[in-house]
>>> print(open('model.cif').read())   # mmCIF, C-alpha atoms
data_my_file
#
loop_
_atom_site.label_atom_id
_atom_site.label_comp_id
_atom_site.auth_asym_id
_atom_site.auth_seq_id
_atom_site.Cartn_x
_atom_site.Cartn_y
_atom_site.Cartn_z
CA MET X 28 -18.40 33.43 -3.48
CA SER X 29 -22.14 33.13 -2.92
CA GLU X 30 -23.68 35.34 -0.24
CA ASN X 31 -25.15 32.11 1.19
CA CYS X 32 -21.76 30.40 1.40
CA THR X 33 -21.38 28.09 4.42
CA HIS X 34 -17.63 27.53 3.74
CA ASP X 35 -18.34 23.79 3.55
CA CYS X 36 -17.04 23.02 0.06
CA SER X 37 -17.75 19.29 0.45
CA SER X 38 -21.50 19.90 0.21
CA CYS X 39 -21.40 22.63 -2.44
CA GLY X 40 -21.48 22.28 -6.21
CA VAL X 41 -20.60 25.89 -7.04
CA ASP X 42 -17.23 26.29 -8.79
CA CYS X 43 -16.12 29.57 -7.24
CA PRO X 44 -12.57 31.03 -6.81
CA SER X 45 -12.77 30.50 -3.06
CA ARG X 46 -13.42 26.79 -3.39
CA GLN X 47 -11.18 24.82 -1.03
CA GLN X 48 -9.96 21.24 -1.03
CA PRO X 49 -11.65 18.99 1.57
CA GLN X 50 -9.72 19.14 4.82
CA SER X 51 -7.81 16.02 5.81
CA PHE X 52 -8.04 14.97 9.44
CA LEU X 53 -5.31 12.31 9.17
CA GLU X 54 -2.84 12.43 12.05
CA LYS X 55 0.89 11.82 11.66
CA THR X 56 2.49 8.94 13.50
CA ASN X 57 5.24 9.36 16.03
CA ASP X 58 8.50 10.36 14.28
CA MET X 59 10.03 7.01 15.24
CA SER X 60 7.16 5.01 13.73
CA HIS X 61 6.54 3.60 10.27
CA VAL X 62 3.26 1.71 9.95
CA LYS X 63 2.80 0.12 6.53
CA ARG X 64 -0.80 -1.16 6.78
CA VAL X 65 -3.70 -0.40 9.13
CA ILE X 66 -6.63 -2.83 9.46
CA GLY X 67 -9.70 -2.06 11.58
CA VAL X 68 -11.67 -4.84 13.26
CA VAL X 69 -15.25 -3.67 13.79
CA SER X 70 -18.80 -4.78 14.47
CA GLY X 71 -22.18 -3.17 14.79
CA LYS X 72 -22.83 -4.72 18.22
CA GLY X 73 -20.89 -5.84 21.25
CA GLY X 74 -19.98 -9.32 22.40
CA VAL X 75 -19.31 -10.86 18.99
CA GLY X 76 -15.58 -11.46 19.46
CA LYS X 77 -13.68 -8.56 17.87
CA SER X 78 -10.83 -8.83 20.37
CA LEU X 79 -10.58 -12.58 19.81
CA VAL X 80 -10.42 -12.12 16.03
CA THR X 81 -7.92 -9.26 16.38
CA SER X 82 -5.68 -11.35 18.64
CA MET X 83 -5.81 -14.42 16.41
CA LEU X 84 -5.11 -12.49 13.20
CA ALA X 85 -2.21 -10.63 14.82
CA THR X 86 -0.82 -13.99 15.96
CA LEU X 87 -1.16 -15.51 12.48
CA LEU X 88 0.60 -12.58 10.79
CA ARG X 89 3.34 -12.69 13.41
CA ARG X 90 3.83 -16.44 12.85
CA ARG X 91 4.45 -15.64 9.19
CA GLY X 92 7.44 -13.48 10.12
CA ASN X 93 5.80 -10.03 9.98
CA THR X 94 6.13 -7.22 12.50
CA VAL X 95 2.69 -6.69 13.99
CA GLY X 96 1.05 -4.11 16.26
CA ILE X 97 -2.34 -3.88 17.97
CA LEU X 98 -3.88 -0.54 18.85
CA ASP X 99 -6.64 -1.29 21.37
CA ALA X 100 -9.19 1.41 20.60
CA ASP X 101 -11.80 -0.01 22.99
CA ILE X 102 -10.92 2.46 25.73
CA THR X 103 -13.77 1.63 28.11
CA GLY X 104 -13.66 -2.14 27.58
CA PRO X 105 -10.08 -3.13 26.74
CA SER X 106 -9.65 -6.89 26.25
CA ILE X 107 -6.42 -7.20 24.26
CA PRO X 108 -3.96 -7.20 27.21
CA LYS X 109 -5.97 -9.99 28.87
CA CYS X 110 -5.84 -12.14 25.72
CA PHE X 111 -2.03 -11.90 25.65
CA GLY X 112 -1.42 -12.03 29.41
CA LEU X 113 0.00 -8.49 29.57
CA HIS X 114 -0.04 -6.85 33.00
CA GLN X 115 3.01 -4.55 33.04
CA ARG X 116 2.83 -0.78 32.56
CA ALA X 117 3.93 0.85 29.30
CA LEU X 118 7.12 2.92 29.60
CA SER X 119 8.11 6.16 27.87
CA ASP X 120 11.05 8.43 27.15
CA ASP X 121 11.57 11.60 25.12
CA THR X 122 10.77 9.71 21.87
CA GLY X 123 7.29 8.70 23.04
CA ILE X 124 5.42 5.89 24.77
CA PHE X 125 6.63 2.35 24.11
CA PRO X 126 4.09 -0.38 23.36
CA VAL X 127 4.31 -3.57 25.40
CA ALA X 128 5.52 -6.65 23.54
CA THR X 129 3.76 -10.01 23.83
CA LYS X 130 5.65 -13.28 24.20
CA THR X 131 6.02 -13.62 20.42
CA GLY X 132 6.82 -9.94 19.82
CA ILE X 133 3.46 -8.39 18.91
CA GLN X 134 3.50 -4.71 19.94
CA VAL X 135 0.40 -3.71 21.97
CA MET X 136 -0.91 -0.38 23.20
CA SER X 137 -4.02 -0.33 25.38
CA ILE X 138 -5.39 1.98 28.06
CA ASN X 139 -4.97 -0.88 30.56
CA LEU X 140 -1.22 -0.65 30.06
CA LEU X 141 -1.28 2.95 31.31
CA LEU X 142 -3.58 2.66 34.34
CA GLU X 143 -2.34 2.28 37.93
CA GLU X 144 -4.81 -0.56 38.39
CA GLU X 145 -5.96 -2.55 35.35
CA THR X 146 -9.42 -3.01 36.92
CA SER X 147 -9.96 0.75 37.27
CA PRO X 148 -12.88 1.95 35.10
CA VAL X 149 -12.30 4.59 32.45
CA VAL X 150 -15.16 7.04 32.91
CA TRP X 151 -14.52 9.51 30.12
CA ARG X 152 -16.70 11.43 27.69
CA GLY X 153 -16.46 10.89 23.95
CA PRO X 154 -14.03 13.72 23.07
CA VAL X 155 -11.54 12.59 25.73
CA ILE X 156 -11.74 8.99 24.46
CA ALA X 157 -11.22 10.22 20.89
CA GLY X 158 -8.18 12.18 22.04
CA ALA X 159 -6.69 9.08 23.65
CA ILE X 160 -7.09 7.13 20.40
CA LYS X 161 -5.22 9.83 18.50
CA GLN X 162 -2.45 9.78 21.11
CA PHE X 163 -2.06 6.02 20.72
CA TRP X 164 -1.27 6.78 17.07
CA THR X 165 0.76 10.00 17.41
CA ASP X 166 2.58 9.58 20.74
CA VAL X 167 3.46 5.87 20.74
CA ASN X 168 6.86 4.82 19.41
CA TRP X 169 5.67 1.87 17.33
CA GLY X 170 8.90 1.44 15.35
CA ASN X 171 8.53 -0.38 12.02
CA VAL X 172 5.20 -2.21 11.78
CA ASP X 173 4.11 -4.28 8.78
CA TYR X 174 0.51 -4.73 9.99
CA MET X 175 -1.34 -2.65 12.57
CA PHE X 176 -4.68 -4.04 13.81
CA VAL X 177 -7.10 -1.62 15.46
CA ASP X 178 -9.55 -3.33 17.82
CA MET X 179 -12.57 -1.01 17.93
CA PRO X 180 -15.54 -0.83 20.27
CA PRO X 181 -18.96 -1.77 18.85
CA GLY X 182 -21.21 0.60 16.98
CA THR X 183 -20.75 3.60 14.73
CA GLY X 184 -19.99 6.30 17.29
CA ASP X 185 -17.09 8.53 18.30
CA VAL X 186 -14.28 5.98 18.28
CA PRO X 187 -14.88 4.39 14.84
CA LEU X 188 -15.36 7.89 13.42
CA THR X 189 -12.10 9.06 15.00
CA VAL X 190 -10.20 6.02 13.71
CA PHE X 191 -11.57 6.34 10.17
CA GLN X 192 -10.78 10.07 10.04
CA SER X 193 -7.45 10.14 11.90
CA LEU X 194 -5.70 6.91 10.86
CA PRO X 195 -4.84 5.82 7.30
CA VAL X 196 -7.07 2.72 7.44
CA ASP X 197 -6.45 0.34 4.53
CA GLY X 198 -9.58 -1.71 5.18
CA ILE X 199 -11.85 -3.16 7.84
CA LEU X 200 -12.93 -6.63 8.83
CA ILE X 201 -16.49 -6.91 10.15
CA VAL X 202 -17.04 -9.52 12.88
CA THR X 203 -20.54 -10.95 13.19
CA SER X 204 -22.48 -13.74 14.88
CA PRO X 205 -25.03 -16.14 13.30
CA GLN X 206 -28.31 -14.57 14.49
CA GLU X 207 -30.71 -13.25 11.88
CA LEU X 208 -30.44 -9.69 13.22
CA VAL X 209 -26.85 -9.72 11.93
CA GLY X 210 -28.08 -8.45 8.56
CA MET X 211 -29.10 -5.12 10.05
CA ILE X 212 -25.98 -4.87 12.20
CA VAL X 213 -23.63 -5.56 9.28
CA SER X 214 -25.54 -3.06 7.16
CA LYS X 215 -24.74 -0.26 9.60
CA ALA X 216 -21.03 -1.08 9.62
CA VAL X 217 -20.89 -1.37 5.82
CA GLU X 218 -22.75 1.89 5.27
CA MET X 219 -20.47 3.75 7.70
CA ALA X 220 -17.41 2.39 5.89
CA LYS X 221 -18.85 3.63 2.60
CA LEU X 222 -19.46 7.08 4.05
CA MET X 223 -15.85 7.22 5.23
CA ASN X 224 -14.44 5.74 1.98
CA VAL X 225 -12.89 2.80 3.84
CA PRO X 226 -12.81 -0.58 2.03
CA VAL X 227 -14.56 -3.54 3.66
CA LEU X 228 -12.20 -6.50 3.31
CA GLY X 229 -14.77 -9.10 4.33
CA LEU X 230 -16.85 -10.70 7.06
CA ILE X 231 -15.85 -13.09 9.82
CA GLU X 232 -18.49 -15.05 11.73
CA ASN X 233 -17.78 -15.94 15.35
CA MET X 234 -19.72 -18.50 17.42
CA SER X 235 -20.72 -20.13 14.16
CA TYR X 236 -21.13 -23.63 15.57
CA VAL X 237 -20.15 -26.07 18.32
CA LYS X 238 -18.43 -29.29 17.34
CA CYS X 239 -19.58 -32.36 19.27
CA PRO X 240 -16.51 -33.86 20.99
CA ASP X 241 -17.86 -37.40 20.51
CA CYS X 242 -19.16 -37.57 16.94
CA GLY X 243 -17.69 -34.39 15.42
CA LYS X 244 -21.08 -33.08 14.26
CA GLU X 245 -21.35 -29.30 13.95
CA ILE X 246 -24.26 -27.99 16.04
CA ARG X 247 -25.70 -24.57 15.13
CA VAL X 248 -26.49 -23.20 18.59
CA PHE X 249 -27.89 -19.93 17.22
CA GLY X 250 -29.66 -21.51 14.27
CA GLU X 251 -28.60 -21.55 10.66
CA SER X 252 -26.07 -18.93 9.65
CA HIS X 253 -27.15 -15.95 7.50
CA ILE X 254 -23.68 -14.61 6.86
CA ASP X 255 -23.44 -15.92 3.28
CA GLU X 256 -26.69 -14.16 2.35
CA VAL X 257 -25.51 -10.92 3.93
CA ALA X 258 -22.14 -11.18 2.18
CA ALA X 259 -23.84 -11.75 -1.19
CA LYS X 260 -26.09 -8.73 -0.65
CA TYR X 261 -23.09 -6.42 -0.22
CA ASP X 262 -20.76 -8.30 -2.57
CA LEU X 263 -18.40 -9.16 0.27
CA LYS X 264 -16.28 -12.21 1.07
CA VAL X 265 -16.81 -14.49 4.06
CA LEU X 266 -13.25 -14.85 5.32
CA GLY X 267 -13.80 -17.23 8.21
CA LYS X 268 -16.24 -18.98 10.54
CA LEU X 269 -15.05 -19.48 14.10
CA PRO X 270 -16.55 -22.20 16.31
CA MET X 271 -17.58 -21.84 19.93
CA ASP X 272 -14.50 -23.61 21.22
CA PRO X 273 -13.76 -23.93 24.97
CA LEU X 274 -10.05 -24.09 24.15
CA LEU X 275 -10.13 -20.65 22.48
CA ALA X 276 -12.07 -19.17 25.40
CA SER X 277 -9.60 -20.69 27.85
CA ALA X 278 -6.63 -19.38 25.85
CA CYS X 279 -8.01 -15.82 26.09
CA ASP X 280 -8.77 -16.14 29.81
CA ARG X 281 -5.27 -17.49 30.51
CA GLY X 282 -3.50 -14.93 28.31
CA ILE X 283 -2.08 -17.53 25.93
CA ILE X 284 -4.00 -16.79 22.72
CA GLU X 285 -0.68 -16.98 20.84
CA LEU X 286 -0.76 -20.75 21.35
CA PHE X 287 -4.06 -21.30 19.53
CA ASP X 288 -4.12 -23.92 16.80
CA GLY X 289 -6.66 -23.91 13.97
CA PRO X 290 -7.16 -22.90 10.32
CA TRP X 291 -10.29 -20.80 10.79
CA LEU X 292 -8.78 -17.40 9.95
CA ASP X 293 -6.13 -18.44 7.42
CA ALA X 294 -8.11 -16.93 4.51
CA ALA X 295 -8.46 -13.62 6.37
CA ALA X 296 -4.74 -13.59 7.13
CA ASP X 297 -3.95 -14.31 3.46
CA LEU X 298 -6.06 -11.34 2.36
CA VAL X 299 -4.57 -8.98 4.92
CA GLU X 300 -1.06 -10.07 3.96
CA SER X 301 -1.81 -9.28 0.31
CA LEU X 302 -2.60 -5.59 1.02
CA PRO X 303 -0.08 -3.19 -0.56
CA ALA X 304 2.29 -1.49 1.87
CA LYS X 305 2.56 2.27 2.37
CA GLU X 306 5.91 3.79 1.54
#
>>> encode(input="model.cif", output="structure tokens")
Amino acid sequence: MSENCTHDCSSCGVDCPSRQQPQSFLEKTNDMSHVKRVIGVVSGKGGVGKSLVTSMLATLLRRRGNTVGILDADITGPSIPKCFGLHQRALSDDTGIFPVATKTGIQVMSINLLLEEETSPVVWRGPVIAGAIKQFWTDVNWGNVDYMFVDMPPGTGDVPLTVFQSLPVDGILIVTSPQELVGMIVSKAVEMAKLMNVPVLGLIENMSYVKCPDCGKEIRVFGESHIDEVAAKYDLKVLGKLPMDPLLASACDRGIIELFDGPWLDAAADLVESLPAKE
């Protein structure tokens, strides 16, 4: 061992007898849980529709006969329960905490399902939030889940880092909007995924256009889309382009997102469904 050894073998090229394997930070699930695939839904900025995309994809996979779960990792801004009209508290016993099932049977765990009042703010520092995310994975009795979607807060901070290190993520979907600044935002998400050795499954553009109810013309409210250029730059697939649709917004507000009708995310659902399952 070198006298200057820092004990960080990941940054050292010396082949010494004391060399250690890189430490794994992966957490084990609850003993009653078996999650076959984990898909993160991320973005580099807020307000682009991650929760909408998460809810719609979970609904599509459930419609295809799969068992589906959603881990709402946006602790300070949870939207998933609202999308599905969930207001009851999560229950627990000696086997763990039970997720709350939606009308079609999607299993959901969110901080709002544990609070006395769902409008109460969660004013926690980063380490406490990270600990809650781990508990949603380790302490919740998920049962058998074919596809677990993790709805993450924006950015590249504590929560995405915790999810990438603690959960066996099979890939991420990056949600964007049409503005030109998207290139920089997507870059940050892609580069973080590379650093964490997490595959990027593709891009999904929300608020891509508005369809005129009279003539059917697609109007680009935010200007021409740049998502195809960004995807080509990073050799990624564009898996869907969602319109600005009042019916989708209303479905989320009314908690009936499971009733949405449209083909916009079929390609993304196909790709997710093709991912190999963990034993």
>>> resolve_selection(input="model.cif", expression="the PyMOL selection byres ((chain X and resi 80-86) around 7)", output="PDB file with C-alpha atoms, keeping the file's coordinate frame")
ATOM      1  CA  VAL X  68     -11.670  -4.840  13.260  1.00  0.00           C
ATOM      2  CA  GLY X  76     -15.580 -11.460  19.460  1.00  0.00           C
ATOM      3  CA  LYS X  77     -13.680  -8.560  17.870  1.00  0.00           C
ATOM      4  CA  SER X  78     -10.830  -8.830  20.370  1.00  0.00           C
ATOM      5  CA  LEU X  79     -10.580 -12.580  19.810  1.00  0.00           C
ATOM      6  CA  LEU X  87      -1.160 -15.510  12.480  1.00  0.00           C
ATOM      7  CA  LEU X  88       0.600 -12.580  10.790  1.00  0.00           C
ATOM      8  CA  ARG X  89       3.340 -12.690  13.410  1.00  0.00           C
ATOM      9  CA  ARG X  90       3.830 -16.440  12.850  1.00  0.00           C
ATOM     10  CA  VAL X  95       2.690  -6.690  13.990  1.00  0.00           C
ATOM     11  CA  PHE X 176      -4.680  -4.040  13.810  1.00  0.00           C
ATOM     12  CA  ASP X 178      -9.550  -3.330  17.820  1.00  0.00           C
ATOM     13  CA  ILE X 284      -4.000 -16.790  22.720  1.00  0.00           C
ATOM     14  CA  GLU X 285      -0.680 -16.980  20.840  1.00  0.00           C
ATOM     15  CA  LEU X 292      -8.780 -17.400   9.950  1.00  0.00           C
ATOM     16  CA  ALA X 296      -4.740 -13.590   7.130  1.00  0.00           C
TER      17      ALA X 296
END
>>> residues_around(input="model.cif", residues="Asp197 in chain X", least_positions_apart="6", cutoff="8 Å", atoms="all atoms listed in the file", output="list in words")
Arg64, Val65, Ile66, Val225, Pro226 and Leu302 of chain X
>>> closest_residue(input="model.cif", among="X:Pro105, X:Pro181, X:Pro154, X:Gly92", to="Gly67 in chain X", atoms="all atoms listed in the file")
X:Pro181
>>> residues_around(input="model.cif", residues="range 216-223 of chain X", least_positions_apart="4", cutoff="10 Å", atoms="all atoms listed in the file", output="number ranges by chain")
X: 69-72, 181-184, 187-188, 191-192, 198-202, 211-212, 227, 229, 261, 263
>>> atom_distance(input="model.cif", atom1="CA of Glu300 in chain X", atom2="CA of Gly96 in chain X")
13.8 Å
>>> closest_residue(input="model.cif", among="X:Leu228, X:Ala128, X:Ile254, X:Met234", to="Ala295 in chain X", atoms="only C-alpha atoms")
X:Leu228
>>> closest_residue(input="model.cif", among="X:Gly112, X:Leu53, X:Ile160, X:Trp291", to="Lys130 in chain X", atoms="all atoms listed in the file")
X:Gly112
>>> residues_around(input="model.cif", residues="Asn171 in chain X", least_positions_apart="6", cutoff="8 Å", atoms="only C-alpha atoms", output="PDB file with C-alpha atoms, in the coordinates of the input")
ATOM      1  CA  SER X  60       7.160   5.010  13.730  1.00  0.00           C
ATOM      2  CA  HIS X  61       6.540   3.600  10.270  1.00  0.00           C
ATOM      3  CA  VAL X  62       3.260   1.710   9.950  1.00  0.00           C
ATOM      4  CA  LYS X  63       2.800   0.120   6.530  1.00  0.00           C
ATOM      5  CA  THR X  94       6.130  -7.220  12.500  1.00  0.00           C
TER       6      THR X  94
END
>>> residues_around(input="model.cif", residues="Thr103 in chain X", least_positions_apart="6", cutoff="8 Å", atoms="all atoms listed in the file", output="ChimeraX atom specification")
/X:148-150
>>> atom_distance(input="model.cif", atom1="CA of Leu230 in chain X", atom2="CA of Thr56 in chain X")
28.3 Å
>>> decode(input="model.cif", residues="range 121-233 of chain X", atoms="C-alpha atoms", output="PDB file, in the first residue's frame")
ATOM      1  CA  ASP X 121     -45.129  -6.106  10.883  1.00  0.00           C
ATOM      2  CA  THR X 122     -44.234  -6.894   7.231  1.00  0.00           C
ATOM      3  CA  GLY X 123     -43.877  -3.222   6.283  1.00  0.00           C
ATOM      4  CA  ILE X 124     -45.829  -0.310   4.837  1.00  0.00           C
ATOM      5  CA  PHE X 125     -48.449  -1.118   2.214  1.00  0.00           C
ATOM      6  CA  PRO X 126     -48.651   1.009  -0.930  1.00  0.00           C
ATOM      7  CA  VAL X 127     -52.053   2.416  -1.857  1.00  0.00           C
ATOM      8  CA  ALA X 128     -53.699   0.896  -4.928  1.00  0.00           C
ATOM      9  CA  THR X 129     -55.280   3.029  -7.646  1.00  0.00           C
ATOM     10  CA  LYS X 130     -58.620   2.173  -9.234  1.00  0.00           C
ATOM     11  CA  THR X 131     -56.936  -0.118 -11.785  1.00  0.00           C
ATOM     12  CA  GLY X 132     -54.506  -1.674  -9.296  1.00  0.00           C
ATOM     13  CA  ILE X 133     -51.324   0.383  -9.700  1.00  0.00           C
ATOM     14  CA  GLN X 134     -49.413   0.336  -6.389  1.00  0.00           C
ATOM     15  CA  VAL X 135     -48.352   3.833  -5.237  1.00  0.00           C
ATOM     16  CA  MET X 136     -46.141   5.072  -2.424  1.00  0.00           C
ATOM     17  CA  SER X 137     -45.806   8.810  -1.867  1.00  0.00           C
ATOM     18  CA  ILE X 138     -45.059  11.026   1.122  1.00  0.00           C
ATOM     19  CA  ASN X 139     -48.576  12.470   0.776  1.00  0.00           C
ATOM     20  CA  LEU X 140     -49.974   9.053   1.665  1.00  0.00           C
ATOM     21  CA  LEU X 141     -48.187   9.215   5.036  1.00  0.00           C
ATOM     22  CA  LEU X 142     -48.949  12.796   6.115  1.00  0.00           C
ATOM     23  CA  GLU X 143     -51.788  13.751   8.470  1.00  0.00           C
ATOM     24  CA  GLU X 144     -52.772  16.496   6.036  1.00  0.00           C
ATOM     25  CA  GLU X 145     -51.878  16.123   2.350  1.00  0.00           C
ATOM     26  CA  THR X 146     -51.381  19.899   2.056  1.00  0.00           C
ATOM     27  CA  SER X 147     -48.767  19.963   4.833  1.00  0.00           C
ATOM     28  CA  PRO X 148     -45.333  21.024   3.498  1.00  0.00           C
ATOM     29  CA  VAL X 149     -42.361  18.710   3.870  1.00  0.00           C
ATOM     30  CA  VAL X 150     -39.571  20.952   5.127  1.00  0.00           C
ATOM     31  CA  TRP X 151     -36.663  18.540   5.300  1.00  0.00           C
ATOM     32  CA  ARG X 152     -32.964  18.749   4.529  1.00  0.00           C
ATOM     33  CA  GLY X 153     -31.378  16.623   1.820  1.00  0.00           C
ATOM     34  CA  PRO X 154     -30.148  13.698   3.974  1.00  0.00           C
ATOM     35  CA  VAL X 155     -33.596  13.235   5.544  1.00  0.00           C
ATOM     36  CA  ILE X 156     -35.241  13.272   2.093  1.00  0.00           C
ATOM     37  CA  ALA X 157     -32.684  10.732   0.845  1.00  0.00           C
ATOM     38  CA  GLY X 158     -33.463   8.529   3.840  1.00  0.00           C
ATOM     39  CA  ALA X 159     -37.180   8.641   3.054  1.00  0.00           C
ATOM     40  CA  ILE X 160     -36.514   7.527  -0.532  1.00  0.00           C
ATOM     41  CA  LYS X 161     -34.536   4.538   0.721  1.00  0.00           C
ATOM     42  CA  GLN X 162     -37.350   3.647   3.115  1.00  0.00           C
ATOM     43  CA  PHE X 163     -39.873   3.700   0.269  1.00  0.00           C
ATOM     44  CA  TRP X 164     -37.727   0.968  -1.280  1.00  0.00           C
ATOM     45  CA  THR X 165     -36.714  -1.035   1.811  1.00  0.00           C
ATOM     46  CA  ASP X 166     -39.721  -0.688   4.137  1.00  0.00           C
ATOM     47  CA  VAL X 167     -42.658  -0.843   1.717  1.00  0.00           C
ATOM     48  CA  ASN X 168     -44.285  -4.208   1.063  1.00  0.00           C
ATOM     49  CA  TRP X 169     -44.564  -3.890  -2.721  1.00  0.00           C
ATOM     50  CA  GLY X 170     -45.319  -7.559  -3.385  1.00  0.00           C
ATOM     51  CA  ASN X 171     -44.535  -8.758  -6.924  1.00  0.00           C
ATOM     52  CA  VAL X 172     -44.037  -5.847  -9.317  1.00  0.00           C
ATOM     53  CA  ASP X 173     -43.246  -6.234 -13.014  1.00  0.00           C
ATOM     54  CA  TYR X 174     -42.480  -2.530 -13.570  1.00  0.00           C
ATOM     55  CA  MET X 175     -41.590   0.071 -10.954  1.00  0.00           C
ATOM     56  CA  PHE X 176     -41.602   3.721 -12.093  1.00  0.00           C
ATOM     57  CA  VAL X 177     -39.703   6.233  -9.974  1.00  0.00           C
ATOM     58  CA  ASP X 178     -40.979   9.802 -10.376  1.00  0.00           C
ATOM     59  CA  MET X 179     -38.006  12.001  -9.487  1.00  0.00           C
ATOM     60  CA  PRO X 180     -37.733  15.701  -8.686  1.00  0.00           C
ATOM     61  CA  PRO X 181     -35.933  17.919 -11.223  1.00  0.00           C
ATOM     62  CA  GLY X 182     -32.202  18.407 -11.338  1.00  0.00           C
ATOM     63  CA  THR X 183     -29.146  16.358 -10.488  1.00  0.00           C
ATOM     64  CA  GLY X 184     -29.095  16.683  -6.699  1.00  0.00           C
ATOM     65  CA  ASP X 185     -29.552  14.472  -3.654  1.00  0.00           C
ATOM     66  CA  VAL X 186     -32.633  12.525  -4.713  1.00  0.00           C
ATOM     67  CA  PRO X 187     -31.519  11.422  -8.215  1.00  0.00           C
ATOM     68  CA  LEU X 188     -28.125  10.522  -6.741  1.00  0.00           C
ATOM     69  CA  THR X 189     -29.786   8.478  -3.984  1.00  0.00           C
ATOM     70  CA  VAL X 190     -32.059   6.685  -6.456  1.00  0.00           C
ATOM     71  CA  PHE X 191     -29.216   5.868  -8.864  1.00  0.00           C
ATOM     72  CA  GLN X 192     -26.999   4.561  -6.049  1.00  0.00           C
ATOM     73  CA  SER X 193     -29.593   2.799  -3.886  1.00  0.00           C
ATOM     74  CA  LEU X 194     -32.056   1.291  -6.380  1.00  0.00           C
ATOM     75  CA  PRO X 195     -31.241  -1.170  -9.197  1.00  0.00           C
ATOM     76  CA  VAL X 196     -32.349   1.234 -11.954  1.00  0.00           C
ATOM     77  CA  ASP X 197     -32.645  -0.475 -15.351  1.00  0.00           C
ATOM     78  CA  GLY X 198     -32.873   2.788 -17.276  1.00  0.00           C
ATOM     79  CA  ILE X 199     -34.233   6.319 -17.254  1.00  0.00           C
ATOM     80  CA  LEU X 200     -36.605   8.291 -19.422  1.00  0.00           C
ATOM     81  CA  ILE X 201     -35.804  11.997 -19.773  1.00  0.00           C
ATOM     82  CA  VAL X 202     -38.813  14.318 -20.058  1.00  0.00           C
ATOM     83  CA  THR X 203     -38.260  17.613 -21.866  1.00  0.00           C
ATOM     84  CA  SER X 204     -40.145  20.562 -23.338  1.00  0.00           C
ATOM     85  CA  PRO X 205     -39.663  22.198 -26.776  1.00  0.00           C
ATOM     86  CA  GLN X 206     -37.663  25.307 -25.799  1.00  0.00           C
ATOM     87  CA  GLU X 207     -34.163  25.691 -27.191  1.00  0.00           C
ATOM     88  CA  LEU X 208     -32.619  25.639 -23.696  1.00  0.00           C
ATOM     89  CA  VAL X 209     -33.666  21.976 -23.543  1.00  0.00           C
ATOM     90  CA  GLY X 210     -30.346  20.981 -25.118  1.00  0.00           C
ATOM     91  CA  MET X 211     -28.416  22.119 -22.058  1.00  0.00           C
ATOM     92  CA  ILE X 212     -30.957  20.644 -19.639  1.00  0.00           C
ATOM     93  CA  VAL X 213     -30.945  17.237 -21.339  1.00  0.00           C
ATOM     94  CA  SER X 214     -27.152  17.296 -21.426  1.00  0.00           C
ATOM     95  CA  LYS X 215     -26.991  17.510 -17.636  1.00  0.00           C
ATOM     96  CA  ALA X 216     -29.362  14.566 -17.183  1.00  0.00           C
ATOM     97  CA  VAL X 217     -27.520  12.458 -19.780  1.00  0.00           C
ATOM     98  CA  GLU X 218     -24.107  13.194 -18.300  1.00  0.00           C
ATOM     99  CA  MET X 219     -25.296  12.323 -14.779  1.00  0.00           C
ATOM    100  CA  ALA X 220     -26.701   9.026 -16.057  1.00  0.00           C
ATOM    101  CA  LYS X 221     -23.340   8.264 -17.669  1.00  0.00           C
ATOM    102  CA  LEU X 222     -21.504   9.009 -14.428  1.00  0.00           C
ATOM    103  CA  MET X 223     -23.812   6.629 -12.571  1.00  0.00           C
ATOM    104  CA  ASN X 224     -23.708   3.945 -15.314  1.00  0.00           C
ATOM    105  CA  VAL X 225     -27.474   4.115 -15.809  1.00  0.00           C
ATOM    106  CA  PRO X 226     -28.804   3.596 -19.373  1.00  0.00           C
ATOM    107  CA  VAL X 227     -30.867   6.380 -20.945  1.00  0.00           C
ATOM    108  CA  LEU X 228     -33.823   4.699 -22.638  1.00  0.00           C
ATOM    109  CA  GLY X 229     -34.902   7.779 -24.577  1.00  0.00           C
ATOM    110  CA  LEU X 230     -36.490  11.222 -24.568  1.00  0.00           C
ATOM    111  CA  ILE X 231     -40.121  12.246 -24.245  1.00  0.00           C
ATOM    112  CA  GLU X 232     -41.219  15.756 -25.170  1.00  0.00           C
ATOM    113  CA  ASN X 233     -44.175  17.252 -23.303  1.00  0.00           C
TER     114      ASN X 233
END
